[in-house]
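K.L.:
Coordinates in final23.cif, mmCIF, C-alpha atoms, are listed below.
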```
data_input
#
loop_
_atom_site.label_atom_id
_atom_site.label_comp_id
_atom_site.auth_asym_id
_atom_site.auth_seq_id
_atom_site.Cartn_x
_atom_site.Cartn_y
_atom_site.Cartn_z
CA MET A 1 2.17 -36.27 -30.34
CA ARG A 2 0.33 -35.08 -27.25
CA SER A 3 3.54 -34.42 -25.32
CA SER A 4 4.96 -32.38 -28.19
CA LEU A 5 1.75 -30.35 -28.35
CA LEU A 6 1.95 -29.68 -24.62
CA SER A 7 5.57 -28.55 -24.95
CA VAL A 8 4.60 -26.09 -27.70
CA VAL A 9 1.80 -24.73 -25.53
CA ASP A 10 4.16 -24.40 -22.56
CA LEU A 11 6.65 -22.55 -24.76
CA LEU A 12 3.95 -20.11 -25.93
CA ILE A 13 2.89 -19.51 -22.33
CA TYR A 14 6.49 -18.78 -21.30
CA VAL A 15 6.93 -16.39 -24.24
CA LEU A 16 3.70 -14.60 -23.33
CA LEU A 17 4.72 -14.29 -19.68
CA ILE A 18 8.16 -12.96 -20.67
CA CYS A 19 6.54 -10.34 -22.93
CA LEU A 20 4.18 -9.26 -20.15
CA ALA A 21 7.09 -9.07 -17.70
CA LEU A 22 9.02 -6.86 -20.12
CA LEU A 23 6.00 -4.60 -20.59
CA THR A 24 5.94 -4.17 -16.82
CA LEU A 25 9.68 -3.77 -16.26
CA LEU A 26 10.62 -1.48 -19.16
CA PRO A 27 8.76 1.63 -17.86
CA ILE A 28 10.24 1.09 -14.39
CA LEU A 29 13.71 0.64 -15.88
CA HIS A 30 13.29 3.81 -17.94
CA VAL A 31 12.22 5.89 -14.92
CA PHE A 32 15.06 4.45 -12.83
CA SER A 33 17.62 5.25 -15.56
CA VAL A 34 16.33 8.80 -15.95
CA SER A 35 16.61 9.36 -12.18
CA LEU A 36 20.31 8.41 -12.29
CA SER A 37 21.25 10.25 -15.49
CA SER A 38 22.48 13.77 -16.08
CA SER A 39 20.15 16.53 -17.19
CA GLN A 40 21.66 16.86 -20.66
CA THR A 41 21.40 13.16 -21.57
CA VAL A 42 17.81 12.97 -20.36
CA LEU A 43 16.78 15.88 -22.57
CA ALA A 44 18.52 14.28 -25.56
CA SER A 45 17.01 10.78 -25.13
CA LYS A 46 13.44 9.55 -25.46
CA LEU A 47 13.91 6.06 -24.03
CA MET A 48 16.62 5.11 -21.55
CA LEU A 49 17.25 1.50 -20.54
CA TYR A 50 20.40 2.26 -18.56
CA PRO A 51 21.78 5.39 -16.85
CA LYS A 52 23.86 7.72 -19.01
CA GLU A 53 26.44 9.88 -17.28
CA PRO A 54 25.35 8.47 -13.89
CA THR A 55 24.79 10.95 -11.10
CA LEU A 56 23.01 10.99 -7.73
CA GLU A 57 22.17 14.69 -7.88
CA SER A 58 18.41 14.09 -8.18
CA TYR A 59 18.37 11.85 -5.10
CA LYS A 60 20.53 14.30 -3.17
CA PHE A 61 18.06 17.02 -4.08
CA ILE A 62 14.91 15.21 -2.97
CA PHE A 63 16.41 13.98 0.31
CA ARG A 64 17.65 17.46 1.16
CA ASN A 65 14.38 19.17 0.29
CA ASP A 66 12.34 19.99 3.39
CA VAL A 67 8.99 19.81 1.58
CA LEU A 68 9.61 16.31 0.27
CA LEU A 69 10.97 15.09 3.59
CA ARG A 70 7.92 16.47 5.40
CA SER A 71 5.55 14.68 3.01
CA LEU A 72 7.61 11.52 3.34
CA GLY A 73 7.38 11.73 7.13
CA ILE A 74 3.58 12.13 6.94
CA THR A 75 3.32 9.10 4.65
CA VAL A 76 5.56 6.99 6.92
CA PHE A 77 3.44 7.96 9.95
CA ILE A 78 0.21 7.10 8.13
CA THR A 79 1.63 3.77 6.97
CA VAL A 80 3.12 2.63 10.30
CA VAL A 81 0.42 3.86 12.68
CA GLY A 82 -2.43 3.18 10.26
CA THR A 83 -1.33 -0.38 9.53
CA PHE A 84 -0.91 -1.13 13.24
CA LEU A 85 -4.41 0.15 14.03
CA ASN A 86 -5.85 -1.66 11.01
CA LEU A 87 -4.40 -4.97 12.16
CA LEU A 88 -5.46 -4.38 15.76
CA PHE A 89 -9.10 -3.66 14.99
CA THR A 90 -9.40 -6.12 12.11
CA THR A 91 -8.02 -9.08 14.08
CA THR A 92 -10.12 -8.37 17.18
CA ALA A 93 -13.31 -7.96 15.14
CA ALA A 94 -12.52 -11.05 13.05
CA TYR A 95 -11.90 -13.12 16.18
CA VAL A 96 -15.27 -12.13 17.63
CA LEU A 97 -17.08 -12.94 14.37
CA SER A 98 -15.32 -16.30 14.14
CA ARG A 99 -16.77 -17.51 17.45
CA ARG A 100 -19.44 -20.09 16.73
CA ASP A 101 -21.31 -19.22 19.92
CA LEU A 102 -21.67 -15.51 19.07
CA PRO A 103 -25.39 -14.56 18.97
CA GLY A 104 -26.35 -12.97 15.65
CA ALA A 105 -22.96 -13.64 14.01
CA ALA A 106 -24.59 -14.33 10.62
CA PHE A 107 -26.50 -11.01 10.78
CA PHE A 108 -23.36 -9.00 11.63
CA LEU A 109 -21.45 -10.71 8.83
CA MET A 110 -24.23 -9.90 6.36
CA MET A 111 -24.15 -6.24 7.39
CA ILE A 112 -20.39 -6.18 6.79
CA VAL A 113 -20.84 -7.68 3.32
CA VAL A 114 -23.45 -5.00 2.52
CA THR A 115 -20.81 -2.30 3.06
CA MET A 116 -18.77 -3.89 0.26
CA LEU A 117 -21.68 -3.39 -2.15
CA PHE A 118 -22.99 0.02 -1.10
CA SER A 119 -21.28 3.15 0.22
CA ALA A 120 -22.49 6.54 1.35
CA GLY A 121 -20.52 8.40 -1.32
CA ILE A 122 -17.97 11.18 -1.42
CA ILE A 123 -20.04 14.11 -0.16
CA PRO A 124 -21.51 12.39 2.96
CA GLY A 125 -18.03 11.07 3.73
CA TYR A 126 -16.57 14.57 3.51
CA MET A 127 -19.35 15.99 5.68
CA LEU A 128 -18.67 13.32 8.31
CA ILE A 129 -14.94 14.06 8.38
CA ARG A 130 -15.63 17.80 8.60
CA SER A 131 -18.13 17.35 11.46
CA LEU A 132 -15.53 15.31 13.36
CA GLY A 133 -13.02 18.13 12.98
CA LEU A 134 -10.54 16.00 11.05
CA ILE A 135 -9.99 18.27 8.04
CA ASN A 136 -6.22 18.85 7.64
CA SER A 137 -5.51 16.11 10.16
CA VAL A 138 -3.50 12.97 9.36
CA TRP A 139 -6.18 10.98 11.19
CA ALA A 140 -8.56 11.76 8.34
CA MET A 141 -6.39 9.40 6.24
CA ILE A 142 -6.37 6.65 8.89
CA LEU A 143 -9.71 6.46 10.72
CA PRO A 144 -12.17 6.25 7.77
CA GLY A 145 -10.53 3.06 6.52
CA LEU A 146 -9.77 1.54 9.90
CA ILE A 147 -11.35 -1.81 8.97
CA SER A 148 -11.61 -3.17 5.44
CA ALA A 149 -14.61 -5.46 5.00
CA PHE A 150 -12.67 -7.68 2.60
CA ASN A 151 -9.72 -8.06 4.97
CA LEU A 152 -12.06 -8.61 7.90
CA ILE A 153 -13.79 -11.50 6.12
CA LEU A 154 -10.43 -12.91 5.06
CA MET A 155 -9.18 -12.87 8.65
CA ARG A 156 -12.45 -14.21 10.03
CA ASN A 157 -12.31 -17.19 7.66
CA PHE A 158 -8.74 -17.87 8.75
CA PHE A 159 -9.74 -17.87 12.43
CA TRP A 160 -12.72 -20.06 11.53
CA SER A 161 -10.34 -22.66 10.07
CA VAL A 162 -8.48 -23.07 13.37
CA PRO A 163 -9.66 -26.29 15.10
CA GLU A 164 -12.16 -25.58 17.84
CA GLY A 165 -10.34 -28.07 20.06
CA LEU A 166 -7.42 -25.68 20.48
CA ILE A 167 -9.69 -22.97 21.80
CA GLU A 168 -11.52 -25.38 24.10
CA SER A 169 -8.17 -26.60 25.48
CA ALA A 170 -7.13 -23.02 26.20
CA ARG A 171 -10.40 -22.36 28.03
CA ILE A 172 -9.96 -25.51 30.12
CA ASP A 173 -6.50 -24.22 31.10
CA GLY A 174 -8.10 -20.98 32.28
CA ALA A 175 -7.26 -18.72 29.32
CA GLY A 176 -9.64 -15.86 28.61
CA GLU A 177 -10.59 -14.55 25.20
CA VAL A 178 -7.76 -12.00 25.05
CA ARG A 179 -5.13 -14.57 26.02
CA THR A 180 -6.55 -17.08 23.54
CA LEU A 181 -6.36 -14.50 20.77
CA VAL A 182 -2.83 -13.31 21.58
CA GLN A 183 -1.14 -16.60 22.48
CA ILE A 184 -2.95 -19.08 20.22
CA MET A 185 -4.77 -17.46 17.33
CA LEU A 186 -2.29 -14.77 16.33
CA PRO A 187 0.80 -17.03 16.18
CA LEU A 188 -1.16 -19.45 13.99
CA SER A 189 -2.39 -16.66 11.71
CA LEU A 190 0.94 -15.12 10.66
CA PRO A 191 0.32 -15.82 6.93
CA ALA A 192 -3.06 -14.06 7.06
CA LEU A 193 -1.65 -11.19 9.15
CA ALA A 194 1.19 -10.69 6.69
CA THR A 195 -1.25 -10.70 3.79
CA ILE A 196 -3.74 -8.18 5.11
CA GLY A 197 -0.90 -6.15 6.65
CA LEU A 198 0.62 -5.82 3.18
CA PHE A 199 -2.78 -4.78 1.78
CA TYR A 200 -3.19 -2.12 4.43
CA ALA A 201 0.42 -0.86 4.21
CA VAL A 202 0.31 -0.50 0.41
CA GLY A 203 -3.00 1.33 0.67
CA HIS A 204 -1.64 3.79 3.23
CA TRP A 205 1.64 4.30 1.39
CA ASN A 206 -0.24 5.09 -1.83
CA GLU A 207 -2.82 7.26 -0.03
CA PHE A 208 -4.00 9.85 -2.53
CA PHE A 209 -7.78 10.18 -2.61
CA ARG A 210 -8.24 11.17 1.03
CA GLY A 211 -5.18 13.42 0.85
CA ILE A 212 -6.74 15.35 -2.03
CA PHE A 213 -10.14 15.75 -0.34
CA TYR A 214 -9.25 16.21 3.32
CA MET A 215 -5.85 17.97 3.19
CA THR A 216 -6.44 21.54 2.02
CA ASP A 217 -3.12 22.66 3.52
CA SER A 218 -0.29 21.68 1.15
CA LYS A 219 2.09 21.42 4.13
CA LYS A 220 0.13 18.35 5.28
CA TRP A 221 0.02 16.56 1.96
CA PRO A 222 1.16 12.92 1.92
CA LEU A 223 3.87 11.95 -0.53
CA GLN A 224 1.56 10.75 -3.29
CA VAL A 225 -0.38 14.02 -3.40
CA LEU A 226 2.84 16.02 -3.56
CA MET A 227 4.10 13.71 -6.31
CA ARG A 228 0.92 14.35 -8.27
CA SER A 229 1.59 18.10 -8.13
CA ILE A 230 5.20 17.62 -9.22
CA ILE A 231 4.55 15.05 -11.96
CA ALA A 232 1.20 16.05 -13.42
CA GLN A 233 1.90 19.78 -13.40
CA ALA A 234 5.67 19.52 -14.00
CA ASP A 235 6.01 22.32 -11.49
CA MET A 236 8.73 22.74 -8.86
CA ASN A 237 6.93 25.55 -7.03
CA GLU A 238 5.60 23.09 -4.45
CA LEU A 239 9.23 22.31 -3.55
CA GLY A 240 10.03 25.95 -2.97
CA LEU A 241 11.84 26.34 -6.31
CA SER A 242 10.96 27.81 -9.65
CA ASN A 243 11.49 25.79 -12.81
CA GLN A 244 14.04 28.38 -13.90
CA GLN A 245 16.10 27.80 -10.74
CA VAL A 246 16.12 24.05 -11.38
CA TYR A 247 17.28 24.41 -14.96
CA GLN A 248 19.89 27.06 -14.19
CA GLY A 249 21.81 24.58 -12.03
CA GLY A 250 22.57 22.44 -15.09
CA LYS A 251 22.70 19.20 -13.09
CA LEU A 252 18.94 18.76 -12.70
CA ASN A 253 15.71 19.20 -14.57
CA VAL A 254 12.06 18.48 -13.93
CA LEU A 255 12.26 15.00 -15.49
CA THR A 256 15.13 13.78 -13.33
CA ILE A 257 13.49 15.09 -10.14
CA GLN A 258 10.14 13.52 -11.12
CA SER A 259 11.79 10.16 -11.81
CA ALA A 260 13.83 10.18 -8.59
CA THR A 261 10.69 11.01 -6.60
CA ILE A 262 8.79 8.11 -8.21
CA ILE A 263 11.60 5.63 -7.46
CA ALA A 264 11.99 6.87 -3.88
CA ALA A 265 8.24 6.49 -3.31
CA THR A 266 8.08 3.03 -4.88
CA MET A 267 11.17 1.31 -3.47
CA PRO A 268 10.02 0.86 0.17
CA ILE A 269 7.05 -1.31 -0.85
CA LEU A 270 9.15 -3.22 -3.39
CA ALA A 271 11.76 -3.85 -0.70
CA VAL A 272 9.24 -5.19 1.83
CA TYR A 273 7.26 -7.43 -0.52
CA PRO A 274 9.91 -10.19 -1.03
CA PHE A 275 10.00 -10.82 2.73
CA LEU A 276 6.20 -11.23 2.84
CA GLN A 277 5.81 -13.14 -0.41
CA LYS A 278 6.10 -16.58 1.22
CA TYR A 279 3.09 -15.76 3.40
CA PHE A 280 1.08 -14.00 0.72
CA VAL A 281 -0.35 -16.88 -1.37
CA ARG A 282 -0.85 -19.10 1.67
CA GLY A 283 -2.74 -16.40 3.55
CA ILE A 284 -5.00 -15.63 0.60
CA LEU A 285 -5.85 -19.29 -0.06
CA ILE A 286 -6.57 -20.24 3.54
CA GLY A 287 -8.58 -17.10 4.25
CA ALA A 288 -10.60 -17.39 1.05
CA VAL A 289 -11.27 -21.12 0.84
CA LYS A 290 -11.87 -22.26 4.39
CA GLY A 291 -14.91 -21.32 6.43
#
```
Let me see the structure of the file written as structure tokens.
P.N.:
Amino acid sequence: MRSSLLSVVDLLIYVLLICLALLTLLPILHVFSVSLSSSQTVLASKLMLYPKEPTLESYKFIFRNDVLLRSLGITVFITVVGTFLNLLFTTTAAYVLSRRDLPGAAFFLMMIVVTMLFSAGIIPGYMLIRSLGLINSVWAMILPGLISAFNLILMRNFFWSVPEGLIESARIDGAGEVRTLVQIMLPLSLPALATIGLFYAVGHWNEFFRGIFYMTDSKKWPLQVLMRSIIAQADMNELGLSNQQVYQGGKLNVLTIQSATIIAATMPILAVYPFLQKYFVRGILIGAVKG
């Protein structure tokens, strides 16, 4: 009786998970199908679960458009350089805070936690960026979030979980702090590095808030800000075209270009995630539980 009840419960859980998965996948499938369909079929259909009259014209358009390519290049730069700097400063700060012989380590850690609860706000942040001369600079989208307090604590807890005997052995062999970090701690912390690296990379790739506030020049917009202009306003003027020019071609319309832009902006993160998935859960658990 109990086993049959458990099987019914398991079945209901599977059905619920399948329904939730479909709710997540159907909008993505619709956008993907619209991006690969012809202009006429898109205008005649409300919901598309597969491409009709398949064509790559929308993707050809966005990858030949100088405005989109420029925004894509800015986003790639922010993601690559920003993630590298994030990992560099986060790991070095976490290693220092993980040392048990660091004077005042508890105080510094408490101050870091306080920043997770309270922030200066939008206006003081803007005034700081302006005083540093970073308005309309890509560094305005990198430097303010150089270290995430959450990721720092996650990495610190991971370093804390490494046996102290390993570090003592390295010191006996004559290794300094930098060599201990690079040759011992970092190789052991690949799951945590992959986890926080994914957090940082996704945040940079989806950078929108800072782009809106700090980039007043549309030529320096990251991809997400440009997408907002294209999608929310349904306007092709930002791409150097009028809506009339887009429709006159017959092969494209605003919907197909919007959908192709969304897919092109989403696919890089979706392509990277499967390779980091095996590290993801392990890094979260170790960094959150130990320490």
K.L.:
Choose the residue, out of A:Ser131, A:Thr92, A:Thr180, A:Thr83, that has the smallest atom-to-atom separation from Leu146 of chain A; count all atoms listed in the file.
P.N.:
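Looking at the shortest contact to Leu146 of chain A, the residue is A:Thr83.
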K.L.:
Around the point (-22.4, -12.2, 10.2) in the file's coordinates, collect all residues with an atom within 12 Å, using all atoms listed in the file, and return them as a list of chain:residue names.
P.N.:
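The answer, in the requested form, is A:Ala93, A:Ala94, A:Val96, A:Leu97, A:Ser98, A:Arg99, A:Arg100, A:Leu102, A:Pro103, A:Gly104, A:Ala105, A:Ala106, A:Phe107, A:Phe108, A:Leu109, A:Met110, A:Met111, A:Ile112, A:Val113, A:Val114, A:Ala149, A:Leu152, A:Ile153, A:Arg156, A:Asn157.
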K.L.:
Distance atom CA of His204 of chain A-atom CA of Met141 of chain A, one decimal place?
P.N.:
7.9 Å
K.L.:
For atom CA of Met155 of chain A and atom CA of Thr91 of chain A, quote the distance in Å rounded to one decimal.
P.N.:
6.7 Å
K.L.:
What's the 10 Å shell around segment 30-38 of chain A, counting all atoms listed in the file, without same-chain residues fewer than 5 positions away, as a VMD selection string?
P.N.:
chain A and resid 25 43 45 to 59 250 to 253 255 to 264
K.L.:
Can I get the selection written as a compact mmCIF listing (two decimals), in the frame of the given file, with C-alpha atoms?
P.N.:
```
# COMPACT_ATOMS: atom_id res chain seq x y z
CA LEU A 25 9.68 -3.77 -16.26
CA LEU A 43 16.78 15.88 -22.57
CA SER A 45 17.01 10.78 -25.13
CA LYS A 46 13.44 9.55 -25.46
CA LEU A 47 13.91 6.06 -24.03
CA MET A 48 16.62 5.11 -21.55
CA LEU A 49 17.25 1.50 -20.54
CA TYR A 50 20.40 2.26 -18.56
CA PRO A 51 21.78 5.39 -16.85
CA LYS A 52 23.86 7.72 -19.01
CA GLU A 53 26.44 9.88 -17.28
CA PRO A 54 25.35 8.47 -13.89
CA THR A 55 24.79 10.95 -11.10
CA LEU A 56 23.01 10.99 -7.73
CA GLU A 57 22.17 14.69 -7.88
CA SER A 58 18.41 14.09 -8.18
CA TYR A 59 18.37 11.85 -5.10
CA GLY A 250 22.57 22.44 -15.09
CA LYS A 251 22.70 19.20 -13.09
CA LEU A 252 18.94 18.76 -12.70
CA ASN A 253 15.71 19.20 -14.57
CA LEU A 255 12.26 15.00 -15.49
CA THR A 256 15.13 13.78 -13.33
CA ILE A 257 13.49 15.09 -10.14
CA GLN A 258 10.14 13.52 -11.12
CA SER A 259 11.79 10.16 -11.81
CA ALA A 260 13.83 10.18 -8.59
CA THR A 261 10.69 11.01 -6.60
CA ILE A 262 8.79 8.11 -8.21
CA ILE A 263 11.60 5.63 -7.46
CA ALA A 264 11.99 6.87 -3.88
```
K.L.:
On this file, the PyMOL selection byres ((chain A and resi 200) around 12) gives some set of residues; write that set as an MDAnalysis selection string.
P.N.:
chainID A and resid 78:88 90 142 145:152 193:199 201:207 269
K.L.:
Can you write just those residues out, C-alpha atoms, as a CSV table (one decimal), in the frame of the given file?
P.N.:
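Final output, part-v4.csv:
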```
chain,number,residue,atom,x,y,z
A,78,ILE,CA,0.2,7.1,8.1
A,79,THR,CA,1.6,3.8,7.0
A,80,VAL,CA,3.1,2.6,10.3
A,81,VAL,CA,0.4,3.9,12.7
A,82,GLY,CA,-2.4,3.2,10.3
A,83,THR,CA,-1.3,-0.4,9.5
A,84,PHE,CA,-0.9,-1.1,13.2
A,85,LEU,CA,-4.4,0.2,14.0
A,86,ASN,CA,-5.8,-1.7,11.0
A,87,LEU,CA,-4.4,-5.0,12.2
A,88,LEU,CA,-5.5,-4.4,15.8
A,90,THR,CA,-9.4,-6.1,12.1
A,142,ILE,CA,-6.4,6.6,8.9
A,145,GLY,CA,-10.5,3.1,6.5
A,146,LEU,CA,-9.8,1.5,9.9
A,147,ILE,CA,-11.4,-1.8,9.0
A,148,SER,CA,-11.6,-3.2,5.4
A,149,ALA,CA,-14.6,-5.5,5.0
A,150,PHE,CA,-12.7,-7.7,2.6
A,151,ASN,CA,-9.7,-8.1,5.0
A,152,LEU,CA,-12.1,-8.6,7.9
A,193,LEU,CA,-1.6,-11.2,9.2
A,194,ALA,CA,1.2,-10.7,6.7
A,195,THR,CA,-1.2,-10.7,3.8
A,196,ILE,CA,-3.7,-8.2,5.1
A,197,GLY,CA,-0.9,-6.2,6.6
A,198,LEU,CA,0.6,-5.8,3.2
A,199,PHE,CA,-2.8,-4.8,1.8
A,201,ALA,CA,0.4,-0.9,4.2
A,202,VAL,CA,0.3,-0.5,0.4
A,203,GLY,CA,-3.0,1.3,0.7
A,204,HIS,CA,-1.6,3.8,3.2
A,205,TRP,CA,1.6,4.3,1.4
A,206,ASN,CA,-0.2,5.1,-1.8
A,207,GLU,CA,-2.8,7.3,0.0
A,269,ILE,CA,7.0,-1.3,-0.8
```
K.L.:
Select, from A:Val225, A:Leu143, A:Met185, A:Val178, the residue with the minimum atom-to-atom distance to Trp160 of chain A, counting all atoms listed in the file.
P.N.:
A:Met185
K.L.:
Calculate, to one decimal in Å, the centre and edge lengths of the box along x, y and z of the file that holds all listed atoms of segment 141-158 of chain A with 4 Å of margin on each side, and present them as AutoDock Vina command-line options.
P.N.:
```
--center_x -10.5 --center_y -4.2 --center_z 6.7 --size_x 16.2 --size_y 35.3 --size_z 16.1
```
K.L.:
What is the atom CA of Ile28 of chain A to atom CA of Asp66 of chain A distance in Å?
P.N.:
26.0 Å
K.L.:
Evaluate the PyMOL selection byres ((chain A and resi 219) around 12) and record the selected residues as a list in words, following the chain and residue labels used in the document.
P.N.:
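Expected selection for the PyMOL selection byres ((chain A and resi 219) around 12) here is Asp66, Val67, Leu68, Leu69, Arg70, Ser71, Leu72, Gly73, Ile74, Asn136, Ser137, Val138, Gly211, Met215, Thr216, Asp217, Ser218, Lys220, Trp221, Pro222, Leu223, Val225, Leu226, Glu238, Leu239 and Gly240 of chain A.
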K.L.:
Using all atoms listed in the file, find the one residue out of A:Tyr95, A:Tyr214, A:Phe209, A:Tyr14 that sits nearest to Leu186 of chain A.
P.N.:
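The shortest atom-to-atom distance to Leu186 of chain A comes from A:Tyr95.
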